[in-house]
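Worksheet for the structure shown next.
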Amino acid sequence: MLDFIHNLFRSTAGAPVAWHAVALSPAQARRHTRWVEERVYLNWLGPYFKAYHLRKGGAAGSRGFQVQLLQESGCQGVLLLFHPSIGPGNFRHFFEHLGERLTALGYHRACADECRQQHQQHTETTLKQFFKPNPTDCPQTGNCDQKFGLVTIDLVAMNRQPVFIRLTSNPVLQPGFTPARSLDELLKALLEAPAADAAIEAKIAEYHDAF
């Protein structure tokens, strides 16, 4: 999987990319609202948070949910690798919900875009959500509170099959901003949650395939 991901990144380097704005249809929005109300996301928040800590501690295995760490060009982040038990429908809902959880932390979504690239043997699709902290001042310093910095959440799919969700944070280093909080704190705020009960687990099948 790691070799595939590295090749995927290399295959798009330097290639022209055409982005366009994307939004949920009314039917998709209604279905997603129901998915959130039924708390189906609890099936994966905690397990991915646990997988992150296992990976960070060097104890990650090869089974179950997998997380890879990212550190590049001043950004830090993670890849939440798709697991077949989730299903493409749930994974798309999960991607949307991570953005919703971020807005609840004091962010606004600056853009939601999509690009599609046709390669020789596959079609790569990327959905991107870009978030900026709301312009609020830190009461202690008077500087603009940048919270966790600028945050990007991507969903990458190949031939319509999800590959991973990528979440990265990029601190603003200009004067007048508070220091960005850590990736650990961001992931704790986004992913720490109680375990799903049997009724919530039973909802996985309903949203497994269709978004």
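Starting from 1 in every chain, residues are counted up; chains themselves are A, B, ... following the order of the structure tokens, and ligands are numbered from 1 as listed.
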
Non-local contacts of range 74-84 of chain A (7 Å; only C-alpha atoms; under 2 positions in same chain excluded) as a list in words: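 What passes the distance filter is Phe65, Gln66, Val67, Gln68, Leu69, Leu70, Gln71, Glu72, Ile86, Gly87, Pro162, Val163, Phe164, Ile165, Arg166, Leu167, Thr168, Ser169, Asn170 and Leu183 of chain A.
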
Å distance separating CA of Ala60 in chain A from CA of Trp44 in chain A, one decimal place:
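According to the coordinates, CA of Ala60 in chain A and CA of Trp44 in chain A are separated by 16.5 Å.
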
Skip range 130-143 of chain A itself and residues of its chain fewer than 3 positions away, then list as a ChimeraX atom specification all residues within 9 Å of it, counting only C-alpha atoms.
-> /A:99,102-103,105-113,146-154,175-178

Output N, CA and C atoms for every residue in that selection, as a CSV table (one decimal), in the first residue's frame.
chain,number,residue,atom,x,y,z
A,99,GLY,N,-14.9,17.4,8.0
A,99,GLY,CA,-15.0,18.9,7.8
A,99,GLY,C,-15.9,19.5,8.7
A,102,LEU,N,-14.5,19.9,12.1
A,102,LEU,CA,-13.5,21.0,12.1
A,102,LEU,C,-14.2,22.4,12.2
A,103,THR,N,-15.3,22.6,11.6
A,103,THR,CA,-16.0,23.8,11.7
A,103,THR,C,-16.5,24.0,13.1
A,105,LEU,N,-14.9,23.4,15.6
A,105,LEU,CA,-13.7,23.8,16.4
A,105,LEU,C,-13.4,25.2,16.1
A,106,GLY,N,-14.2,26.0,15.4
A,106,GLY,CA,-13.9,27.4,15.2
A,106,GLY,C,-13.3,27.7,13.8
A,107,TYR,N,-13.6,26.8,12.8
A,107,TYR,CA,-13.1,27.0,11.4
A,107,TYR,C,-14.2,27.3,10.5
A,108,HIS,N,-13.9,27.8,9.3
A,108,HIS,CA,-14.8,27.9,8.2
A,108,HIS,C,-14.2,27.3,7.0
A,109,ARG,N,-15.1,26.7,6.2
A,109,ARG,CA,-14.6,26.1,5.0
A,109,ARG,C,-14.4,27.1,3.9
A,110,ALA,N,-13.2,27.3,3.5
A,110,ALA,CA,-12.9,28.4,2.5
A,110,ALA,C,-13.2,27.9,1.1
A,111,CYS,N,-13.1,26.6,0.8
A,111,CYS,CA,-13.5,26.0,-0.5
A,111,CYS,C,-13.6,24.5,-0.4
A,112,ALA,N,-14.4,24.0,-1.4
A,112,ALA,CA,-14.6,22.6,-1.6
A,112,ALA,C,-14.5,22.3,-3.0
A,113,ASP,N,-13.4,21.6,-3.5
A,113,ASP,CA,-13.1,21.4,-4.9
A,113,ASP,C,-12.9,20.0,-5.2
A,146,GLN,N,-4.8,31.3,15.6
A,146,GLN,CA,-4.8,30.4,14.4
A,146,GLN,C,-5.2,29.0,14.7
A,147,LYS,N,-5.5,28.7,16.0
A,147,LYS,CA,-5.9,27.3,16.4
A,147,LYS,C,-4.8,26.3,15.9
A,148,PHE,N,-5.2,25.5,15.0
A,148,PHE,CA,-4.3,24.4,14.5
A,148,PHE,C,-3.6,24.8,13.2
A,149,GLY,N,-3.7,26.1,12.8
A,149,GLY,CA,-3.2,26.5,11.5
A,149,GLY,C,-4.2,26.3,10.4
A,150,LEU,N,-3.8,26.4,9.1
A,150,LEU,CA,-4.6,26.1,8.0
A,150,LEU,C,-4.7,24.6,7.8
A,151,VAL,N,-5.9,24.1,7.6
A,151,VAL,CA,-6.2,22.7,7.5
A,151,VAL,C,-6.8,22.3,6.2
A,152,THR,N,-6.2,21.2,5.6
A,152,THR,CA,-6.8,20.7,4.4
A,152,THR,C,-7.2,19.2,4.6
A,153,ILE,N,-8.3,18.8,4.1
A,153,ILE,CA,-8.8,17.5,4.1
A,153,ILE,C,-9.1,17.0,2.7
A,154,ASP,N,-8.4,16.0,2.3
A,154,ASP,CA,-8.6,15.4,0.9
A,154,ASP,C,-9.1,14.0,1.0
A,175,PRO,N,3.9,37.3,11.7
A,175,PRO,CA,3.6,38.0,13.0
A,175,PRO,C,2.1,38.3,13.1
A,176,GLY,N,1.7,38.3,14.4
A,176,GLY,CA,0.3,38.7,14.6
A,176,GLY,C,-0.6,37.5,14.8
A,177,PHE,N,0.0,36.3,14.8
A,177,PHE,CA,-0.8,35.0,15.0
A,177,PHE,C,-0.2,34.3,16.2
A,178,THR,N,-1.1,33.6,16.9
A,178,THR,CA,-0.6,32.7,18.0
A,178,THR,C,0.1,31.5,17.4

List the neighbours of Glu201 in chain A out to 9 Å using only C-alpha atoms; skip same-chain residues closer than 3 positions along the sequence, and give me the result as a VMD selection string.
chain A and resid 40 42 to 43 196 to 198 204 to 205

Query - Residues within 9 Å of Ala51 in chain A, only C-alpha atoms, excluding chain neighbours under 2 positions, as a PyMOL selection string - result: chain A and resi 46-49+53-56+60-61+64-67
